[in-house]
file structure.txt (compact mmCIF, C-alpha atoms and all ligand atoms)
# COMPACT_ATOMS: atom_id res chain seq x y z
CA MET H 282 -25.80 18.48 -24.36
CA ALA H 283 -22.58 16.52 -23.87
CA THR H 284 -21.04 14.77 -20.93
CA VAL H 285 -17.61 13.19 -21.05
CA ARG H 286 -16.59 10.39 -18.75
CA LEU H 287 -13.17 8.77 -18.45
CA VAL H 288 -12.87 5.62 -16.37
CA ASN H 289 -9.36 4.50 -15.41
CA VAL H 290 -7.95 5.58 -18.76
CA ASN H 291 -4.30 4.62 -19.30
CA LYS H 292 -1.79 5.26 -22.05
CA VAL H 293 1.26 3.12 -22.54
CA TYR H 294 3.20 4.18 -25.64
CA ASP H 295 4.84 1.58 -27.86
CA GLY H 296 8.26 2.18 -26.33
CA GLY H 297 6.78 1.36 -22.91
CA VAL H 298 6.35 4.93 -21.61
CA HIS H 299 3.34 4.83 -19.27
CA ALA H 300 2.23 8.40 -19.97
CA VAL H 301 -1.22 8.41 -18.29
CA HIS H 302 -2.24 6.36 -15.24
CA ASP H 303 -5.85 5.61 -14.30
CA PHE H 304 -7.32 8.91 -15.41
CA SER H 305 -10.93 9.11 -14.19
CA ILE H 306 -13.28 12.07 -14.33
CA ASP H 307 -16.97 12.85 -14.90
CA ILE H 308 -17.35 16.02 -16.94
CA ASP H 309 -20.77 17.65 -16.95
CA ASP H 310 -22.50 19.33 -19.85
CA LYS H 311 -21.17 22.90 -20.45
CA GLU H 312 -18.24 22.57 -18.07
CA PHE H 313 -14.93 24.28 -18.83
CA ILE H 314 -12.33 21.79 -17.63
CA VAL H 315 -8.63 22.67 -17.65
CA PHE H 316 -5.88 20.03 -17.52
CA VAL H 317 -2.81 21.70 -16.03
CA GLY H 318 0.62 20.45 -15.03
CA PRO H 319 4.29 20.71 -15.99
CA SER H 320 5.48 19.71 -19.44
CA GLY H 321 5.41 15.94 -20.00
CA CYS H 322 2.79 15.17 -17.33
CA GLY H 323 0.38 13.59 -19.84
CA LYS H 324 -2.09 16.42 -20.55
CA SER H 325 -1.89 16.31 -24.35
CA THR H 326 -1.88 12.53 -24.40
CA THR H 327 -5.14 12.49 -22.42
CA LEU H 328 -6.70 15.11 -24.68
CA ARG H 329 -5.61 13.23 -27.80
CA MET H 330 -7.12 10.01 -26.45
CA ILE H 331 -10.43 11.86 -26.00
CA ALA H 332 -10.16 13.20 -29.56
CA GLY H 333 -9.39 9.74 -30.92
CA LEU H 334 -5.98 10.82 -32.24
CA GLU H 335 -4.28 8.44 -29.84
CA GLU H 336 -5.45 4.97 -28.91
CA ILE H 337 -6.57 4.33 -25.33
CA SER H 338 -4.35 1.52 -24.00
CA TYR H 339 -6.93 0.51 -21.41
CA GLY H 340 -9.81 2.13 -19.59
CA GLU H 341 -13.03 3.56 -21.00
CA LEU H 342 -14.12 6.81 -22.61
CA TYR H 343 -17.81 7.74 -22.79
CA ILE H 344 -19.31 10.73 -24.56
CA ASP H 345 -22.97 11.17 -23.63
CA ASP H 346 -22.86 7.73 -22.02
CA LYS H 347 -21.78 6.08 -25.27
CA LEU H 348 -18.56 4.08 -25.22
CA MET H 349 -16.21 5.82 -27.66
CA ASN H 350 -12.93 3.92 -27.31
CA SER H 351 -12.98 2.65 -30.86
CA ALA H 352 -15.01 5.40 -32.57
CA ALA H 353 -13.15 7.25 -35.34
CA PRO H 354 -12.28 10.89 -34.50
CA LYS H 355 -14.88 12.19 -36.98
CA ASP H 356 -17.61 10.17 -35.28
CA ARG H 357 -16.98 11.61 -31.84
CA ASP H 358 -18.60 14.98 -32.56
CA ILE H 359 -15.57 16.80 -31.20
CA ALA H 360 -13.64 19.84 -32.43
CA MET H 361 -9.98 20.21 -31.61
CA VAL H 362 -8.29 23.63 -31.53
CA PHE H 363 -4.48 23.53 -31.63
CA GLN H 364 -1.86 26.12 -30.76
CA SER H 365 -0.92 26.57 -34.40
CA TYR H 366 -3.89 27.32 -36.56
CA ALA H 367 -3.55 27.20 -40.33
CA LEU H 368 -6.05 29.48 -42.04
CA TYR H 369 -6.43 29.34 -45.81
CA PRO H 370 -4.65 32.54 -46.90
CA GLN H 371 -6.50 32.88 -50.21
CA MET H 372 -9.96 32.59 -48.64
CA THR H 373 -11.92 35.29 -46.87
CA VAL H 374 -12.77 34.97 -43.19
CA TYR H 375 -16.29 33.94 -44.23
CA ASN H 376 -15.03 31.15 -46.46
CA ASN H 377 -12.45 29.99 -43.94
CA MET H 378 -15.30 29.41 -41.54
CA ALA H 379 -17.70 28.00 -44.14
CA TYR H 380 -15.24 25.60 -45.77
CA ALA H 381 -15.71 22.53 -43.56
CA LEU H 382 -19.49 22.88 -43.79
CA LYS H 383 -19.36 23.10 -47.60
CA LEU H 384 -17.34 19.88 -47.68
CA ARG H 385 -20.06 18.26 -45.58
CA LYS H 386 -22.67 19.49 -48.06
CA VAL H 387 -24.55 21.49 -45.46
CA PRO H 388 -27.24 23.57 -47.29
CA LYS H 389 -26.07 27.04 -48.25
CA ALA H 390 -28.66 28.91 -46.18
CA GLU H 391 -27.72 26.97 -43.08
CA ILE H 392 -24.00 27.60 -43.68
CA ASP H 393 -24.75 31.30 -43.92
CA GLU H 394 -26.75 31.27 -40.72
CA ARG H 395 -24.06 29.36 -38.80
CA VAL H 396 -21.16 31.47 -40.06
CA ARG H 397 -22.94 34.74 -39.29
CA SER H 398 -23.97 33.65 -35.85
CA ALA H 399 -20.43 32.46 -35.03
CA ALA H 400 -19.06 35.75 -36.39
CA GLU H 401 -21.39 37.64 -34.03
CA ILE H 402 -20.19 35.68 -31.01
CA LEU H 403 -16.57 36.10 -32.07
CA LYS H 404 -17.00 39.80 -32.94
CA LEU H 405 -15.78 39.07 -36.46
CA THR H 406 -18.80 40.38 -38.39
CA PRO H 407 -16.96 43.48 -39.73
CA TYR H 408 -14.12 41.30 -41.04
CA LEU H 409 -16.00 38.57 -42.89
CA ASP H 410 -14.77 39.77 -46.32
CA ARG H 411 -11.15 40.17 -45.30
CA LYS H 412 -8.33 37.75 -45.98
CA PRO H 413 -6.36 36.41 -42.98
CA ARG H 414 -3.27 38.52 -43.72
CA ALA H 415 -5.32 41.66 -43.08
CA LEU H 416 -6.18 40.52 -39.54
CA SER H 417 -4.38 40.86 -36.21
CA GLY H 418 -3.07 37.78 -34.37
CA GLY H 419 -6.03 37.75 -32.00
CA GLN H 420 -8.53 38.04 -34.86
CA ARG H 421 -6.88 35.15 -36.69
CA GLN H 422 -7.10 33.06 -33.53
CA ARG H 423 -10.80 33.88 -33.37
CA VAL H 424 -11.29 32.79 -36.98
CA ALA H 425 -9.63 29.48 -36.08
CA LEU H 426 -12.08 29.13 -33.20
CA GLY H 427 -14.89 30.11 -35.55
CA ARG H 428 -14.11 27.20 -37.83
CA SER H 429 -14.76 24.89 -34.91
CA ILE H 430 -17.82 26.74 -33.63
CA VAL H 431 -19.70 26.58 -36.96
CA ARG H 432 -19.48 22.80 -36.82
CA ARG H 433 -21.43 22.88 -33.55
CA PRO H 434 -19.56 20.00 -32.00
CA LYS H 435 -20.63 18.47 -28.72
CA VAL H 436 -17.20 18.95 -27.18
CA PHE H 437 -14.36 21.43 -27.75
CA LEU H 438 -10.83 20.26 -27.09
CA MET H 439 -8.14 22.93 -26.92
CA ASP H 440 -4.43 22.18 -26.69
CA GLU H 441 -2.48 25.25 -25.52
CA PRO H 442 -4.34 27.45 -28.04
CA LEU H 443 -2.81 30.66 -26.70
CA SER H 444 0.83 29.69 -26.36
CA ASN H 445 1.89 31.25 -29.67
CA LEU H 446 0.44 34.65 -28.80
CA ASP H 447 2.32 37.45 -27.07
CA ALA H 448 1.68 38.06 -23.37
CA LYS H 449 -0.81 40.91 -23.78
CA LEU H 450 -2.89 39.14 -26.39
CA ARG H 451 -2.87 35.98 -24.33
CA VAL H 452 -4.47 37.81 -21.41
CA ALA H 453 -7.10 39.33 -23.72
CA MET H 454 -7.87 35.99 -25.38
CA ARG H 455 -8.25 34.28 -22.00
CA SER H 456 -11.34 36.26 -21.21
CA GLU H 457 -12.50 36.08 -24.85
CA ILE H 458 -12.46 32.27 -24.78
CA VAL H 459 -14.34 32.24 -21.47
CA ARG H 460 -16.96 34.61 -22.91
CA ILE H 461 -17.25 32.54 -26.10
CA HIS H 462 -17.61 29.38 -24.05
CA ARG H 463 -20.43 30.99 -22.10
CA GLU H 464 -22.25 32.01 -25.28
CA VAL H 465 -21.72 28.77 -27.18
CA GLY H 466 -22.27 26.69 -24.05
CA ALA H 467 -20.38 23.61 -25.26
CA THR H 468 -18.44 21.30 -22.96
CA THR H 469 -14.80 22.32 -23.24
CA ILE H 470 -11.54 20.63 -22.23
CA TYR H 471 -8.55 22.91 -22.32
CA VAL H 472 -4.89 21.93 -21.86
CA THR H 473 -2.25 24.32 -20.55
CA HIS H 474 0.98 24.32 -18.53
CA ASP H 475 0.13 27.82 -17.32
CA GLN H 476 -1.49 27.75 -13.89
CA ILE H 477 -2.77 31.32 -14.30
CA GLU H 478 -4.73 30.28 -17.40
CA ALA H 479 -6.11 27.36 -15.41
CA MET H 480 -7.09 29.54 -12.46
CA THR H 481 -8.74 32.25 -14.54
CA MET H 482 -10.58 30.12 -17.11
CA ALA H 483 -11.63 26.82 -15.56
CA SER H 484 -14.87 25.83 -13.94
CA ARG H 485 -12.84 22.87 -12.66
CA ILE H 486 -9.11 22.19 -12.81
CA VAL H 487 -7.40 18.82 -13.13
CA VAL H 488 -3.83 19.11 -11.80
CA MET H 489 -1.52 16.44 -13.22
CA LYS H 490 2.02 15.28 -12.57
CA ASP H 491 3.99 12.35 -14.01
CA GLY H 492 0.85 10.94 -15.65
CA PHE H 493 -1.18 10.91 -12.43
CA ILE H 494 -4.07 13.16 -11.46
CA GLN H 495 -3.07 15.02 -8.31
CA GLN H 496 -6.34 16.83 -7.63
CA ILE H 497 -9.59 17.78 -9.33
CA GLY H 498 -11.57 20.77 -8.11
CA GLU H 499 -12.78 24.32 -8.58
CA PRO H 500 -9.93 26.84 -8.84
CA ASP H 501 -10.62 28.57 -5.51
CA TYR H 502 -10.93 25.27 -3.71
CA ILE H 503 -7.66 23.93 -5.09
CA TYR H 504 -5.93 27.19 -4.22
CA ARG H 505 -7.15 27.08 -0.64
CA TYR H 506 -7.10 23.33 -0.01
CA PRO H 507 -4.35 21.78 -2.15
CA ALA H 508 -4.36 18.00 -1.78
CA ASN H 509 -0.60 17.67 -1.56
CA MET H 510 2.60 19.68 -1.59
CA PHE H 511 2.98 19.42 -5.34
CA VAL H 512 -0.40 21.08 -5.98
CA ALA H 513 0.30 23.63 -3.23
CA GLY H 514 3.56 24.60 -4.92
CA PHE H 515 2.30 24.50 -8.50
CA ILE H 516 -0.89 26.55 -8.18
CA GLY H 517 -0.33 30.18 -7.15
CA THR H 518 2.50 32.69 -7.71
CA PRO H 519 4.65 33.19 -5.82
CA ALA H 520 4.30 29.61 -4.63
CA MET H 521 3.06 28.58 -1.19
CA ASN H 522 5.78 28.79 1.48
CA PHE H 523 6.76 25.57 3.24
CA LEU H 524 8.22 25.35 6.75
CA HIS H 525 9.40 21.91 7.87
CA GLY H 526 9.23 21.15 11.57
CA THR H 527 7.60 19.19 14.38
CA VAL H 528 4.42 19.41 16.41
CA GLU H 529 5.08 19.63 20.15
CA GLY H 530 3.34 20.95 23.24
CA GLY H 531 0.67 22.87 21.39
CA TYR H 532 3.16 24.41 18.97
CA PHE H 533 4.54 23.91 15.52
CA ILE H 534 8.31 24.21 15.90
CA PRO H 535 10.09 25.09 12.67
CA ASP H 536 13.48 23.45 12.09
CA ALA H 537 15.18 26.84 11.95
CA GLY H 538 14.84 30.01 13.99
CA LYS H 539 13.95 30.44 17.64
CA ASP H 540 10.20 30.98 17.32
CA LYS H 541 7.43 28.53 18.11
CA ILE H 542 4.16 28.92 16.28
CA ALA H 543 1.11 28.46 18.52
CA LEU H 544 -1.54 26.12 17.13
CA THR H 545 -5.26 26.84 17.46
CA LYS H 546 -7.63 24.39 19.11
CA ASP H 547 -8.87 23.17 15.74
CA GLN H 548 -5.35 22.73 14.42
CA LEU H 549 -4.35 20.72 17.48
CA LYS H 550 -7.32 18.46 16.98
CA LEU H 551 -6.40 17.97 13.34
CA LEU H 552 -2.80 17.24 14.29
CA GLU H 553 -3.48 15.07 17.35
CA ASN H 554 -1.87 12.05 15.69
CA TYR H 555 1.17 14.07 14.72
CA ILE H 556 2.44 15.04 18.18
CA GLY H 557 6.20 14.60 18.14
CA ARG H 558 6.12 13.91 14.40
CA ARG H 559 7.39 15.82 11.43
CA VAL H 560 4.98 17.92 9.40
CA VAL H 561 5.24 20.72 6.87
CA LEU H 562 3.41 23.98 7.47
CA GLY H 563 2.22 25.59 4.22
CA ILE H 564 1.27 29.25 4.12
CA ARG H 565 0.75 31.47 1.08
CA PRO H 566 2.79 34.70 0.70
CA GLU H 567 -0.33 36.86 1.10
CA ASN H 568 -1.28 35.15 4.37
CA LEU H 569 1.87 36.24 6.17
CA ILE H 570 1.14 39.45 8.06
CA TYR H 571 3.92 41.99 8.47
CA GLU H 572 4.49 43.17 12.04
CA LYS H 573 3.61 46.78 11.18
CA SER H 574 0.20 45.82 9.85
CA GLY H 575 -2.86 46.43 12.04
CA ARG H 576 -3.85 42.77 11.67
CA TYR H 577 -0.57 41.52 13.12
CA GLU H 578 -1.57 41.71 16.79
CA LYS H 579 -4.39 39.20 16.39
CA TYR H 580 -1.97 36.54 15.12
CA SER H 581 1.16 37.49 17.09
CA LYS H 582 1.29 34.07 18.77
CA GLN H 583 1.84 32.61 15.30
CA SER H 584 4.67 34.97 14.48
CA PHE H 585 8.27 34.29 13.55
CA GLU H 586 11.37 36.16 12.56
CA LEU H 587 12.88 36.03 9.09
CA VAL H 588 16.11 37.24 7.52
CA ARG H 589 15.31 39.71 4.78
CA GLY H 590 16.56 39.15 1.21
CA ILE H 591 15.61 40.94 -1.99
CA THR H 592 12.37 42.78 -2.64
CA GLU H 593 10.46 42.56 -5.92
CA LYS H 594 8.42 45.69 -6.56
CA LEU H 595 5.18 45.16 -8.45
CA GLY H 596 3.61 48.62 -8.07
CA ASP H 597 0.91 48.28 -5.45
CA ILE H 598 2.45 45.23 -3.82
CA ILE H 599 5.93 43.95 -3.01
CA ASN H 600 7.20 40.40 -2.72
CA VAL H 601 9.81 40.29 0.02
CA HIS H 602 12.07 37.25 -0.25
CA CYS H 603 13.31 36.13 3.14
CA GLY H 604 15.15 33.22 4.68
CA LEU H 605 14.45 30.93 7.62
CA GLY H 606 17.33 28.49 7.82
CA ASP H 607 17.45 26.80 4.40
CA ALA H 608 13.87 27.68 3.54
CA GLU H 609 13.04 30.61 1.29
CA ILE H 610 9.93 32.38 2.54
CA ILE H 611 8.19 34.99 0.41
CA ILE H 612 5.87 37.62 1.88
CA LYS H 613 3.44 39.49 -0.36
CA MET H 614 2.55 42.84 1.15
CA SER H 615 1.48 46.36 0.41
CA SER H 616 4.16 48.55 -1.14
CA LYS H 617 3.37 51.21 1.46
CA TYR H 618 5.71 49.35 3.85
CA ASN H 619 9.40 50.04 3.55
CA VAL H 620 11.47 47.06 4.59
CA GLU H 621 14.74 48.16 2.95
CA ASP H 622 16.37 49.24 6.20
CA CYS H 623 15.79 46.11 8.28
CA LYS H 624 18.00 43.02 8.29
CA THR H 625 15.29 40.89 9.87
CA LEU H 626 11.53 41.22 10.06
CA ARG H 627 8.68 39.53 11.85
CA VAL H 628 5.57 38.13 10.27
CA ALA H 629 2.55 36.32 11.68
CA ALA H 630 0.79 33.48 9.91
CA ASP H 631 -2.97 33.93 9.50
CA SER H 632 -4.14 30.74 11.17
CA ASP H 633 -7.22 30.43 8.93
CA TYR H 634 -4.93 29.89 5.96
CA MET H 635 -2.30 27.56 7.42
CA ARG H 636 -2.14 24.13 5.80
CA PHE H 637 -0.31 21.09 7.12
CA PHE H 638 1.25 18.30 5.13
CA ASN H 639 2.62 14.92 6.15
CA GLU H 640 6.34 15.32 5.49
CA SER H 641 6.86 11.76 4.26
CA THR H 642 3.77 11.31 2.08
CA THR H 643 3.52 15.03 1.09
CA LEU H 644 -0.27 14.68 1.42
CA ALA H 645 -2.34 17.42 3.02
CA ILE H 646 -3.45 16.57 6.53
CA THR H 647 -7.21 17.01 6.53
CA ALA H 648 -9.93 15.66 8.76
CA GLU H 649 -10.78 13.26 5.96
CA HIS H 650 -7.26 11.84 5.76
CA LYS H 651 -6.63 11.61 9.48
CA GLU H 652 -7.66 8.06 10.03
CA TYR H 653 -5.57 6.89 7.11
CA GLU H 654 -2.55 8.94 8.07
CA GLU H 655 -2.73 7.49 11.54
CA ALA H 656 -1.98 4.10 10.07
CA GLU H 657 1.35 5.65 8.98
CA VAL H 658 0.88 4.40 5.44
CA THR H 659 2.60 1.05 5.79
CA PRO H 660 0.72 -0.71 3.07
CA GLU H 661 0.41 -4.45 2.89
CA LEU H 662 2.14 -6.04 -0.08
CA ASP H 663 1.01 -9.14 -1.90
CA GLU H 664 3.40 -11.84 -3.15
CA ASP H 665 4.23 -9.76 -6.23
CA ASN H 666 5.14 -6.85 -3.97
CA VAL H 667 2.14 -4.88 -5.18
CA VAL H 668 0.34 -2.84 -2.59
CA ILE H 669 -3.00 -4.16 -1.37
CA ILE H 670 -5.51 -1.41 -0.80
CA GLU H 671 -8.60 -2.03 1.22
CA PRO H 672 -11.60 -0.89 -0.80
CA GLU H 673 -12.61 1.85 1.63
CA LYS H 674 -9.14 3.36 1.42
CA GLU H 675 -8.87 3.23 -2.34
CA ASN H 676 -10.29 6.66 -2.70
CA ILE H 677 -7.61 8.15 -0.49
CA PHE H 678 -4.86 6.15 -2.15
CA SER H 679 -5.85 7.52 -5.53
CA ARG H 680 -4.90 10.94 -4.24
CA LEU H 681 -1.42 9.99 -3.09
CA SER H 682 1.38 11.67 -4.93
CA ALA H 683 2.82 9.85 -7.90
CA LYS H 684 6.13 9.37 -6.15
CA ILE H 685 4.57 7.51 -3.28
CA LYS H 686 2.33 5.42 -5.46
CA ASP H 687 5.36 4.53 -7.48
CA LYS H 688 7.22 3.45 -4.38
CA PHE H 689 4.37 1.22 -3.33
CA SER H 690 3.83 -0.45 -6.66
CA LYS H 691 7.49 -1.05 -7.55
CA LYS H 692 8.19 -4.68 -8.18
P1 LIG C 1 2.17 17.16 -21.74
O1 LIG C 1 1.10 17.42 -22.71
O2 LIG C 1 1.70 17.20 -20.33
O3 LIG C 1 3.40 18.00 -21.93
P2 LIG C 1 2.44 14.64 -23.11
O4 LIG C 1 1.10 14.03 -22.99
O5 LIG C 1 2.81 15.27 -24.39
O6 LIG C 1 2.67 15.64 -21.89
O7 LIG C 1 3.53 13.51 -22.78
C1 LIG C 1 3.44 12.66 -21.66
C2 LIG C 1 4.60 11.66 -21.70
O8 LIG C 1 4.46 10.78 -22.79
C3 LIG C 1 5.97 12.31 -21.85
O9 LIG C 1 6.88 11.59 -21.07
C4 LIG C 1 6.27 12.15 -23.32
O10 LIG C 1 7.64 12.10 -23.55
C5 LIG C 1 5.59 10.84 -23.64
N1 LIG C 1 5.14 10.77 -25.04
C6 LIG C 1 4.33 11.64 -25.68
N2 LIG C 1 4.09 11.24 -26.95
C7 LIG C 1 4.77 10.07 -27.11
C8 LIG C 1 4.93 9.12 -28.19
N3 LIG C 1 4.32 9.33 -29.37
N4 LIG C 1 5.70 8.05 -27.97
C9 LIG C 1 6.30 7.83 -26.78
N5 LIG C 1 6.18 8.65 -25.72
C10 LIG C 1 5.44 9.77 -25.88

call {"tool": "encode", "arguments": {"input": "structure.txt", "output": "structure tokens"}}
result
Amino acid sequence: MATVRLVNVNKVYDGGVHAVHDFSIDIDDKEFIVFVGPSGCGKSTTLRMIAGLEEISYGELYIDDKLMNSAAPKDRDIAMVFQSYALYPQMTVYNNMAYALKLRKVPKAEIDERVRSAAEILKLTPYLDRKPRALSGGQRQRVALGRSIVRRPKVFLMDEPLSNLDAKLRVAMRSEIVRIHREVGATTIYVTHDQIEAMTMASRIVVMKDGFIQQIGEPDYIYRYPANMFVAGFIGTPAMNFLHGTVEGGYFIPDAGKDKIALTKDQLKLLENYIGRRVVLGIRPENLIYEKSGRYEKYSKQSFELVRGITEKLGDIINVHCGLGDAEIIIKMSSKYNVEDCKTLRVAADSDYMRFFNESTTLAITAEHKEYEEAEVTPELDEDNVVIIEPEKENIFSRLSAKIKDKFSKK
């Protein structure tokens, strides 16, 4: 049983780089948490602070409710799996896995029991007598995992463990690691820049950018309800489409084209404080319905015309790249449709999947945010020019994009 709790954890490197800002999360026992975000967003730094390989500048880290800020890495009961794994070439698979336990003077019978049970989980039993060079890349990776598993740590930390493997093996190892996690049942924190790994492996995802958490949530939830335009664009391929425009007279009016997109009653209610204001409509490529589809009619009031560009063929589906003014809009549709002969095409937006964002803050407009958005985010500044947040709004502020937070806290 292991819970991990970070409370406003920050990292400021010696040179002054503020790599991680106020990172807070409660991780439950047996969760598989994935930190995801572009390179340099602070994922590894956060993981290394949890491992004790990097000092926490300020904030608190608890493992099983025990403050761990100053505990040595070996006293944290954590195993770290890196992307490059050095196996001992002269030792058998068995001894590679047993080595750390021998050093700790674990009794021989117990070592044997732990190694064999890890080998079962990892499907390495037939290879226990082999040397690493006689194993495939995936098998070697599993031995590296095995060395951590036999130690039975409370928490597994993995830093891009699959990035050195080729594409096919990476896909196979994704589901292997998930299966192993289920069998071992240890709390796991996994770092990757690959949003597909995050989506397929995580029980919860932490999306990061510029050292700030952007959103924490289950993969499906984040995919459907991204908290801001960064998350909307980062999670999902091809990325969510964005149409900039205004809300007027019951319609969303995109900046380009001649079509108006009718808003449903619920959408109008959500957007009631945005009449005459600029918003961004977000819609995923698979939620745009081609005019020849049977489902089109139902949403025809939300339809608009696009200029067709190139088509990517992916077998059963095609991604049709189109233009609407300056915006690139991608439609994901069945390859049974042939769009090669048309210069323009019409699509309808499935209203259940439309998302709206405040154009200036980039935050998703949700019922929860409405009251705050209404205030037009003109924060009060104290004498040092630092934004004053009323306590009840703190929660919402913590979800603002890094850019905006930065703007508000600039001296
Ligand atoms: P990620 O894992 O998301 O790629 P990192 O945590 O490695 O990001 O880095 C976050 C930021 O901290 C980056 O701007 C990086 O340049 C900086 N950084 C990382 N390590 C150090 C260090 N030892 N000294 C100074 N800055 C560092």

call {"tool": "residues_near_ligand", "arguments": {"input": "structure.txt", "ligand": "ligand LIG 1 (chain C)", "cutoff": "9 Å", "atoms": "only C-alpha atoms and all ligand atoms", "output": "PyMOL selection string"}}
result
chain H and resi 292-301+316-329+335+440+472-474+489-492

call {"tool": "residues_around", "arguments": {"input": "structure.txt", "residues": "Thr518 (chain H)", "least_positions_apart": "3", "cutoff": "12 Å", "atoms": "only C-alpha atoms", "output": "compact mmCIF listing (two decimals) with C-alpha atoms, in the frame of the given file"}}
result
# COMPACT_ATOMS: atom_id res chain seq x y z
CA ASP H 475 0.13 27.82 -17.32
CA GLN H 476 -1.49 27.75 -13.89
CA ILE H 477 -2.77 31.32 -14.30
CA MET H 480 -7.09 29.54 -12.46
CA TYR H 504 -5.93 27.19 -4.22
CA ALA H 513 0.30 23.63 -3.23
CA GLY H 514 3.56 24.60 -4.92
CA PHE H 515 2.30 24.50 -8.50
CA MET H 521 3.06 28.58 -1.19
CA ASN H 522 5.78 28.79 1.48
CA ARG H 565 0.75 31.47 1.08
CA PRO H 566 2.79 34.70 0.70
CA GLU H 567 -0.33 36.86 1.10
CA ASN H 600 7.20 40.40 -2.72
CA ILE H 611 8.19 34.99 0.41
CA ILE H 612 5.87 37.62 1.88
CA LYS H 613 3.44 39.49 -0.36

call {"tool": "residues_around", "arguments": {"input": "structure.txt", "residues": "Tyr380 (chain H)", "least_positions_apart": "6", "cutoff": "10 Å", "atoms": "all atoms listed in the file", "output": "PyMOL selection string"}}
result
chain H and resi 369+372+386+392+428+431

call {"tool": "residues_around", "arguments": {"input": "structure.txt", "residues": "Phe533 (chain H)", "least_positions_apart": "4", "cutoff": "6 Å", "atoms": "all atoms listed in the file", "output": "PyMOL selection string"}}
result
chain H and resi 527-528+542

call {"tool": "atom_distance", "arguments": {"input": "structure.txt", "atom1": "CA of Ile591 (chain H)", "atom2": "CA of Tyr634 (chain H)"}}
result
24.6 Å

call {"tool": "atom_distance", "arguments": {"input": "structure.txt", "atom1": "CA of Gln371 (chain H)", "atom2": "CA of Leu426 (chain H)"}}
result
18.3 Å

call {"tool": "atom_distance", "arguments": {"input": "structure.txt", "atom1": "CA of Met361 (chain H)", "atom2": "CA of Gly427 (chain H)"}}
result
11.7 Å

call {"tool": "residues_around", "arguments": {"input": "structure.txt", "residues": "region 288-291 of chain H", "least_positions_apart": "5", "cutoff": "9 Å", "atoms": "only C-alpha atoms", "output": "PDB file with C-alpha atoms, keeping the file's coordinate frame"}}
result
ATOM      1  CA  HIS H 299       3.340   4.830 -19.270  1.00  0.00           C
ATOM      2  CA  ALA H 300       2.230   8.400 -19.970  1.00  0.00           C
ATOM      3  CA  VAL H 301      -1.220   8.410 -18.290  1.00  0.00           C
ATOM      4  CA  HIS H 302      -2.240   6.360 -15.240  1.00  0.00           C
ATOM      5  CA  ASP H 303      -5.850   5.610 -14.300  1.00  0.00           C
ATOM      6  CA  PHE H 304      -7.320   8.910 -15.410  1.00  0.00           C
ATOM      7  CA  SER H 305     -10.930   9.110 -14.190  1.00  0.00           C
ATOM      8  CA  ILE H 306     -13.280  12.070 -14.330  1.00  0.00           C
ATOM      9  CA  ASP H 307     -16.970  12.850 -14.900  1.00  0.00           C
ATOM     10  CA  THR H 327      -5.140  12.490 -22.420  1.00  0.00           C
ATOM     11  CA  MET H 330      -7.120  10.010 -26.450  1.00  0.00           C
ATOM     12  CA  ILE H 337      -6.570   4.330 -25.330  1.00  0.00           C
ATOM     13  CA  SER H 338      -4.350   1.520 -24.000  1.00  0.00           C
ATOM     14  CA  TYR H 339      -6.930   0.510 -21.410  1.00  0.00           C
ATOM     15  CA  GLY H 340      -9.810   2.130 -19.590  1.00  0.00           C
ATOM     16  CA  GLU H 341     -13.030   3.560 -21.000  1.00  0.00           C
ATOM     17  CA  LEU H 342     -14.120   6.810 -22.610  1.00  0.00           C
ATOM     18  CA  TYR H 343     -17.810   7.740 -22.790  1.00  0.00           C
ATOM     19  CA  GLY H 492       0.850  10.940 -15.650  1.00  0.00           C
TER      20      GLY H 492
END
